[in-house]
>>> print(open('query-v3.cif').read())   # mmCIF, C-alpha atoms (C1' of nucleotides)
data_query
loop_
_atom_site.label_atom_id
_atom_site.label_comp_id
_atom_site.auth_asym_id
_atom_site.auth_seq_id
_atom_site.Cartn_x
_atom_site.Cartn_y
_atom_site.Cartn_z
CA MET A 1 -72.67 173.38 227.74
CA PRO A 2 -75.32 171.14 226.47
CA LYS A 3 -76.03 167.76 225.50
CA PHE A 4 -79.23 166.67 226.91
CA THR A 5 -77.85 165.48 230.24
CA GLU A 6 -77.05 169.11 230.95
CA VAL A 7 -80.39 170.29 229.69
CA GLU A 8 -82.15 167.57 231.65
CA THR A 9 -80.25 168.57 234.77
CA VAL A 10 -81.40 172.16 234.30
CA ARG A 11 -84.94 170.97 233.66
CA ARG A 12 -85.08 168.93 236.84
CA THR A 13 -83.68 171.74 238.90
CA LEU A 14 -86.16 174.26 237.53
CA ALA A 15 -89.12 171.87 237.63
CA ALA A 16 -88.68 171.75 241.38
CA VAL A 17 -88.99 175.51 241.85
CA LEU A 18 -90.74 177.19 238.92
CA PRO A 19 -94.27 175.74 238.73
CA GLY A 20 -96.68 178.18 240.34
CA ARG A 21 -94.35 181.15 239.87
CA THR A 22 -95.67 184.10 237.89
CA ILE A 23 -93.63 186.38 235.64
CA GLU A 24 -94.06 190.00 236.65
CA THR A 25 -91.67 191.70 234.26
CA VAL A 26 -89.14 190.69 231.61
CA HIS A 27 -85.95 192.58 230.94
CA VAL A 28 -84.22 191.85 227.64
CA ALA A 29 -80.63 193.08 227.61
CA LEU A 30 -79.62 191.26 224.41
CA PRO A 31 -82.52 191.29 221.93
CA ARG A 32 -80.90 189.12 219.26
CA LEU A 33 -81.25 186.04 221.46
CA ILE A 34 -85.00 186.18 220.89
CA LYS A 35 -85.58 184.74 217.47
CA ASN A 36 -89.20 185.31 216.65
CA ALA A 37 -90.40 188.37 218.53
CA SER A 38 -89.35 191.89 219.36
CA PRO A 39 -88.21 192.42 222.96
CA ALA A 40 -91.39 194.39 223.64
CA ASP A 41 -93.68 191.71 222.23
CA PHE A 42 -91.69 189.02 224.02
CA ALA A 43 -92.02 190.79 227.36
CA ALA A 44 -95.70 191.56 226.83
CA ALA A 45 -96.55 187.98 225.91
CA LEU A 46 -94.94 186.57 229.04
CA ARG A 47 -95.95 189.20 231.57
CA GLY A 48 -98.47 187.82 234.04
CA GLN A 49 -97.93 184.23 232.90
CA THR A 50 -97.73 181.47 235.50
CA VAL A 51 -95.41 178.52 234.95
CA THR A 52 -97.20 175.17 234.97
CA ALA A 53 -94.41 172.85 233.83
CA VAL A 54 -90.79 172.67 232.67
CA GLN A 55 -90.25 170.21 229.83
CA ARG A 56 -87.40 169.04 227.64
CA LYS A 57 -87.22 167.50 224.20
CA GLY A 58 -83.77 166.81 222.86
CA LYS A 59 -81.65 169.77 223.91
CA TYR A 60 -84.60 172.15 223.95
CA LEU A 61 -86.20 173.40 227.15
CA ARG A 62 -89.84 174.37 227.14
CA LEU A 63 -91.45 176.49 229.80
CA VAL A 64 -95.17 175.80 229.83
CA PHE A 65 -97.49 178.60 230.96
CA ASP A 66 -101.20 178.81 231.61
CA GLY A 67 -101.56 181.25 228.69
CA PRO A 68 -101.45 180.96 224.88
CA ARG A 69 -97.68 181.02 224.45
CA HIS A 70 -94.92 178.75 225.67
CA LEU A 71 -91.26 179.66 225.90
CA LEU A 72 -88.80 177.49 223.97
CA ILE A 73 -85.10 177.78 224.78
CA HIS A 74 -81.98 176.23 223.29
CA LEU A 75 -78.86 176.80 225.41
CA ARG A 76 -76.46 176.11 222.55
CA MET A 77 -72.84 176.09 223.74
CA THR A 78 -72.74 178.18 226.88
CA GLY A 79 -76.30 179.09 227.85
CA SER A 80 -77.73 178.54 231.29
CA LEU A 81 -81.06 179.21 232.90
CA VAL A 82 -80.75 179.87 236.59
CA TYR A 83 -83.30 180.55 239.28
CA PHE A 84 -82.29 182.99 242.01
CA PRO A 85 -84.74 182.69 244.91
CA ALA A 86 -83.52 185.93 246.47
CA ALA A 87 -81.84 189.11 245.31
CA ALA A 88 -78.33 188.35 244.10
CA ASP A 89 -75.59 189.84 241.99
CA LEU A 90 -76.15 188.68 238.44
CA PRO A 91 -73.31 187.47 236.23
CA LYS A 92 -72.07 189.72 233.45
CA SER A 93 -73.58 187.31 230.94
CA ALA A 94 -77.13 187.74 232.33
CA HIS A 95 -78.92 188.68 229.11
CA ILE A 96 -82.57 188.08 229.89
CA ILE A 97 -84.10 188.51 233.32
CA PHE A 98 -87.54 187.26 234.23
CA ARG A 99 -88.63 188.90 237.46
CA LEU A 100 -91.02 186.53 239.19
CA ASP A 101 -93.48 186.97 242.02
CA LYS A 102 -90.79 185.28 244.06
CA GLY A 103 -87.19 185.40 242.89
CA ASN A 104 -85.70 185.83 239.43
CA LEU A 105 -85.18 183.49 236.52
CA VAL A 106 -82.08 184.55 234.59
CA TYR A 107 -80.86 183.50 231.17
CA CYS A 108 -77.05 183.72 231.05
CA ASP A 109 -74.87 182.97 228.08
CA VAL A 110 -71.19 183.79 227.60
CA ARG A 111 -70.96 183.11 223.89
CA THR A 112 -74.51 184.29 223.25
CA PHE A 113 -75.34 181.52 220.79
CA GLY A 114 -78.50 180.60 222.70
CA CYS A 115 -81.96 181.01 221.23
CA LEU A 116 -85.37 181.78 222.70
CA TRP A 117 -88.69 181.57 220.91
CA LEU A 118 -92.33 182.11 221.76
CA ILE A 119 -94.28 179.13 220.52
CA PRO A 120 -97.90 177.92 220.48
CA PRO A 121 -98.89 175.38 223.15
CA ALA A 122 -99.50 172.64 220.58
CA GLY A 123 -98.78 171.76 216.97
CA PRO A 124 -95.86 172.83 214.81
CA THR A 125 -93.82 175.66 216.28
CA GLY A 126 -92.07 176.95 213.18
CA VAL A 127 -88.75 176.25 214.90
CA LYS A 128 -87.17 173.95 212.35
CA GLY A 129 -84.73 172.12 214.59
CA TYR A 130 -87.43 171.49 217.15
CA ASP A 131 -90.19 170.37 214.82
CA THR A 132 -87.95 167.79 213.16
CA LEU A 133 -86.45 166.22 216.30
CA GLY A 134 -86.18 162.46 216.37
CA PRO A 135 -87.02 160.40 219.46
CA ASP A 136 -85.26 161.28 222.69
CA ALA A 137 -82.13 159.24 223.28
CA ASN A 138 -83.45 158.13 226.66
CA GLY A 139 -87.08 157.74 225.63
CA PRO A 140 -89.22 154.69 224.82
CA ASP A 141 -89.14 155.27 221.04
CA PHE A 142 -85.37 155.06 220.85
CA THR A 143 -85.17 151.36 220.10
CA VAL A 144 -82.67 149.11 218.37
CA ASP A 145 -85.21 148.40 215.61
CA TYR A 146 -85.82 152.11 215.02
CA ILE A 147 -82.10 152.86 214.69
CA TRP A 148 -81.50 149.79 212.57
CA SER A 149 -84.07 150.88 209.99
CA LEU A 150 -82.33 154.25 209.54
CA LEU A 151 -78.81 152.91 209.82
CA LYS A 152 -79.30 150.51 206.93
CA LYS A 153 -80.27 153.38 204.62
CA SER A 154 -77.42 155.69 205.62
CA GLU A 155 -74.01 156.01 204.02
CA ARG A 156 -72.67 158.43 206.60
CA THR A 157 -70.20 157.86 209.39
CA VAL A 158 -71.62 156.51 212.61
CA LYS A 159 -70.58 159.62 214.51
CA ALA A 160 -72.34 161.99 212.10
CA PHE A 161 -75.38 159.75 212.35
CA LEU A 162 -75.39 159.92 216.14
CA LEU A 163 -75.15 163.70 216.18
CA ASP A 164 -78.06 164.13 213.76
CA GLN A 165 -80.87 165.39 215.98
CA THR A 166 -83.52 164.23 213.51
CA VAL A 167 -82.28 160.69 214.12
CA ILE A 168 -81.70 160.89 217.87
CA ALA A 169 -82.65 163.90 219.94
CA GLY A 170 -80.25 164.92 222.63
CA LEU A 171 -76.94 163.25 221.90
CA GLY A 172 -74.03 165.71 221.78
CA ASN A 173 -70.36 165.54 220.92
CA ILE A 174 -69.07 164.39 224.28
CA TYR A 175 -71.53 161.57 224.76
CA ALA A 176 -71.30 160.48 221.15
CA ASP A 177 -67.55 159.95 221.65
CA GLU A 178 -68.08 158.29 225.00
CA ALA A 179 -70.78 155.94 223.72
CA LEU A 180 -68.70 154.95 220.70
CA PHE A 181 -65.77 154.14 222.99
CA LEU A 182 -67.93 152.07 225.30
CA ALA A 183 -69.34 150.14 222.35
CA GLY A 184 -65.92 149.65 220.73
CA ILE A 185 -66.94 151.39 217.51
CA ARG A 186 -64.72 153.75 215.57
CA PRO A 187 -66.35 157.15 214.94
CA SER A 188 -65.39 157.09 211.25
CA ARG A 189 -67.06 153.74 210.66
CA ARG A 190 -69.74 153.76 207.96
CA CYS A 191 -73.29 153.12 209.06
CA GLY A 192 -73.65 150.49 206.36
CA SER A 193 -70.87 148.38 207.89
CA MET A 194 -72.59 148.14 211.27
CA THR A 195 -73.82 144.75 212.38
CA LYS A 196 -76.91 144.24 214.47
CA LYS A 197 -74.66 143.10 217.27
CA SER A 198 -72.56 146.25 217.27
CA LEU A 199 -75.72 148.32 217.07
CA VAL A 200 -77.11 146.61 220.15
CA ALA A 201 -73.87 147.44 221.95
CA LEU A 202 -74.06 151.04 220.79
CA HIS A 203 -77.68 151.39 221.82
CA GLU A 204 -76.83 150.09 225.26
CA ALA A 205 -73.77 152.35 225.50
CA ILE A 206 -75.83 155.44 224.67
CA GLN A 207 -78.36 154.69 227.40
CA SER A 208 -75.52 154.03 229.79
CA VAL A 209 -73.50 157.20 229.21
CA LEU A 210 -76.60 159.35 229.33
CA ALA A 211 -77.90 157.78 232.52
CA GLU A 212 -74.53 158.26 234.14
CA GLY A 213 -74.28 161.84 232.93
CA ILE A 214 -77.66 162.67 234.44
CA THR A 215 -76.80 160.90 237.68
CA TYR A 216 -73.71 163.01 238.05
CA GLY A 217 -75.58 166.19 237.24
CA GLY A 218 -74.20 167.06 233.84
CA THR A 219 -70.68 167.41 232.56
CA THR A 220 -68.81 170.57 233.42
CA ILE A 221 -66.22 171.34 230.83
CA ARG A 222 -66.15 175.06 231.01
CA ASN A 223 -69.32 177.01 231.45
CA PHE A 224 -71.96 174.54 232.48
CA VAL A 225 -74.01 175.29 235.54
CA ASN A 226 -77.35 173.75 236.41
CA GLY A 227 -80.55 175.62 237.19
CA SER A 228 -79.21 176.55 240.62
CA GLY A 229 -75.91 177.84 239.34
CA ARG A 230 -73.95 174.81 240.52
CA GLU A 231 -71.45 172.98 238.37
CA GLY A 232 -71.97 169.43 237.20
CA GLY A 233 -69.72 166.64 238.44
CA ASN A 234 -69.36 164.22 235.55
CA ARG A 235 -66.03 165.21 234.11
CA LYS A 236 -64.03 162.62 235.98
CA ASN A 237 -66.08 159.84 234.38
CA LEU A 238 -65.12 160.58 230.81
CA ALA A 239 -63.08 157.86 229.10
CA VAL A 240 -61.97 159.62 225.91
CA TYR A 241 -63.34 163.13 225.79
CA GLY A 242 -60.64 165.60 226.73
CA ARG A 243 -58.12 162.76 227.13
CA GLU A 244 -56.33 162.92 223.78
CA GLY A 245 -52.75 161.70 224.13
CA GLU A 246 -53.49 160.04 227.46
CA PRO A 247 -53.62 156.25 227.82
CA CYS A 248 -56.86 154.45 226.99
CA ILE A 249 -58.44 153.25 230.24
CA LYS A 250 -58.85 149.75 228.81
CA CYS A 251 -55.63 149.07 226.89
CA GLY A 252 -53.24 151.94 227.50
CA THR A 253 -52.96 153.01 223.87
CA ALA A 254 -52.85 156.79 223.45
CA VAL A 255 -56.28 158.28 222.84
CA GLN A 256 -56.41 159.78 219.34
CA TYR A 257 -57.79 163.16 218.34
CA VAL A 258 -59.14 163.82 214.87
CA LYS A 259 -61.44 166.40 213.35
CA GLN A 260 -64.42 164.69 211.86
CA GLY A 261 -67.17 166.71 210.29
CA GLY A 262 -65.75 169.80 211.92
CA ARG A 263 -66.13 168.32 215.38
CA GLY A 264 -63.33 167.28 217.69
CA THR A 265 -63.43 163.49 217.91
CA ARG A 266 -61.59 161.24 220.35
CA TYR A 267 -61.22 157.49 220.21
CA CYS A 268 -58.96 154.60 221.06
CA PRO A 269 -57.40 153.23 217.86
CA HIS A 270 -56.92 149.83 219.48
CA CYS A 271 -60.27 149.29 221.19
CA GLN A 272 -62.55 150.90 218.62
CA LYS A 273 -63.00 149.15 215.26
"C1'" DC B 1 -77.58 162.86 200.05
"C1'" DA B 2 -73.06 163.66 202.32
"C1'" DA B 3 -69.07 166.26 203.53
"C1'" DT B 4 -66.78 170.57 204.25
"C1'" DC B 5 -66.44 175.17 205.38
"C1'" DC B 6 -68.00 179.26 207.56
"C1'" DC B 7 -70.70 181.75 210.59
"C1'" DC B 8 -72.76 183.27 215.07
"C1'" DC B 9 -69.48 184.96 219.98
"C1'" DT B 10 -66.53 185.17 224.33
"C1'" DG B 11 -62.95 183.65 227.07
"C1'" DG B 12 -59.65 180.05 228.77
"C1'" DG B 13 -55.21 177.97 227.85
"C1'" DC B 14 -50.88 177.91 225.93
"C1'" DG B 15 -46.57 179.17 223.47
"C1'" DC B 16 -43.45 182.76 222.83
"C1'" DT C 1 -46.88 190.00 232.41
"C1'" DG C 2 -48.62 190.45 227.84
"C1'" DC C 3 -49.85 189.28 223.18
"C1'" DG C 4 -51.58 186.49 219.67
"C1'" DC C 5 -53.21 182.30 218.37
"C1'" DC C 6 -56.05 178.07 218.84
"C1'" DC C 7 -59.63 175.85 220.92
"C1'" DA C 8 -64.52 174.89 222.63
"C1'" DG C 9 -70.22 171.28 224.29
"C1'" DG C 10 -74.44 173.42 218.96
"C1'" DG C 11 -76.49 174.09 214.84
"C1'" DG C 12 -77.87 176.47 210.51
"C1'" DG C 13 -76.76 177.66 205.84
"C1'" DA C 14 -74.08 177.77 201.51
"C1'" DT C 15 -71.26 175.25 198.54
"C1'" DT C 16 -69.02 171.30 196.23
#
>>> encode(input="query-v3.cif", output="structure tokens")
Amino acid sequence: MPKFTEVETVRRTLAAVLPGRTIETVHVALPRLIKNASPADFAAALRGQTVTAVQRKGKYLRLVFDGPRHLLIHLRMTGSLVYFPAAADLPKSAHIIFRLDKGNLVYCDVRTFGCLWLIPPAGPTGVKGYDTLGPDANGPDFTVDYIWSLLKKSERTVKAFLLDQTVIAGLGNIYADEALFLAGIRPSRRCGSMTKKSLVALHEAIQSVLAEGITYGGTTIRNFVNGSGREGGNRKNLAVYGREGEPCIKCGTAVQYVKQGGRGTRYCPHCQK
DNA sequence: CAATCCCCCTGGGCGC
DNA sequence: TGCGCCCAGGGGGATT
């Protein structure tokens, strides 16, 4: 599922219902999802904890409690975190169940790549990917000048650069392709060949695709559901992702598919230079 | 430092 | 209808 629009959609949904709720018990059906504690320690640390906030940084969700541990979650490809206000049949992929004073919070994950960690409320967490995150793609520190300073030093492709979470936190494969299309930049272009002008266009395109993705509630490709279990509605807005072989919406040229850095990459060979 | 490959897994889609 | 293959939004690690 994720890129951060999906994670942000989940965050917003949960932030509306979780604060004030208290965890009564935790059931761990798939222990390997918890990366830095045994199931027993994990359950014991969270029992009796009251949620005070639901935060996001990059593609990580953070449940803030009134106690000495926070819960950090990465949904990876197919994870979801869903609040059930009343008793309900749980999906087969419900791997971790937090029984609350009112309702249940359920971590579901078909491919089971997701990760959960207990972390301290402040300071380094020991979770490498989290501690090294760059500025959020929709945050105030993600500026043209910031990107320019890194871009000049890099010899990588622009797409690899965009997906590097230490550079920009939150951008995923779909939105990287979409932003590059919108800015007219070929994914295989070298960072060093970028002009300030094309960077400004790219910066704007990133903000734009992310804002739109959030507005439409995330992009449902296969397994994405938001914190209420509803699917996102953004798929129809995608210009290149999932449209390989179909005509470019600007010029009609067939959208190309290539593997770049192991990731499926789509672009218009006419519009993107 | 950058690129590639492989891994973690399940299930949908498609060709035969 | 069934089987086997290929594919997938993420990211970490080993290797070249």
>>> resolve_selection(input="query-v3.cif", expression="the PyMOL selection byres ((chain C) within 9 of (chain A))", output="list in words")
DA8, DG9, DG10 and DG11 of chain C
>>> resolve_selection(input="query-v3.cif", expression="the PyMOL selection byres ((chain B and resi 14) around 10)", output="list in words")
DG12, DG13, DG15 and DC16 of chain B; DC5 and DC6 of chain C
>>> interface_residues(input="query-v3.cif", of="chain B", to="chain A", cutoff="9 Å", atoms="only C-alpha atoms (C1' of nucleotides)", output="PDB file with C-alpha atoms (C1' of nucleotides), in the frame of the given file")
ATOM      1  C1'  DC B   1     -77.580 162.860 200.050  1.00  0.00           C
ATOM      2  C1'  DA B   2     -73.060 163.660 202.320  1.00  0.00           C
ATOM      3  C1'  DA B   3     -69.070 166.260 203.530  1.00  0.00           C
ATOM      4  C1'  DT B   4     -66.780 170.570 204.250  1.00  0.00           C
ATOM      5  C1'  DC B   5     -66.440 175.170 205.380  1.00  0.00           C
ATOM      6  C1'  DC B   8     -72.760 183.270 215.070  1.00  0.00           C
ATOM      7  C1'  DC B   9     -69.480 184.960 219.980  1.00  0.00           C
ATOM      8  C1'  DT B  10     -66.530 185.170 224.330  1.00  0.00           C
ATOM      9  C1'  DG B  11     -62.950 183.650 227.070  1.00  0.00           C
ATOM     10  C1'  DG B  12     -59.650 180.050 228.770  1.00  0.00           C
TER      11       DG B  12
END
>>> atom_distance(input="query-v3.cif", atom1="atom CA of Leu118 of chain A", atom2="atom CA of Thr132 of chain A")
17.3 Å
>>> atom_distance(input="query-v3.cif", atom1="atom CA of Gln49 of chain A", atom2="atom CA of Leu18 of chain A")
11.7 Å
>>> atom_distance(input="query-v3.cif", atom1="atom CA of Arg266 of chain A", atom2="atom CA of Asp177 of chain A")
6.2 Å
>>> residues_around(input="query-v3.cif", residues="Ala37 of chain A", least_positions_apart="3", cutoff="9 Å", atoms="only C-alpha atoms (C1' of nucleotides)", output="number ranges by chain")
A: 34, 40-42, 117-118
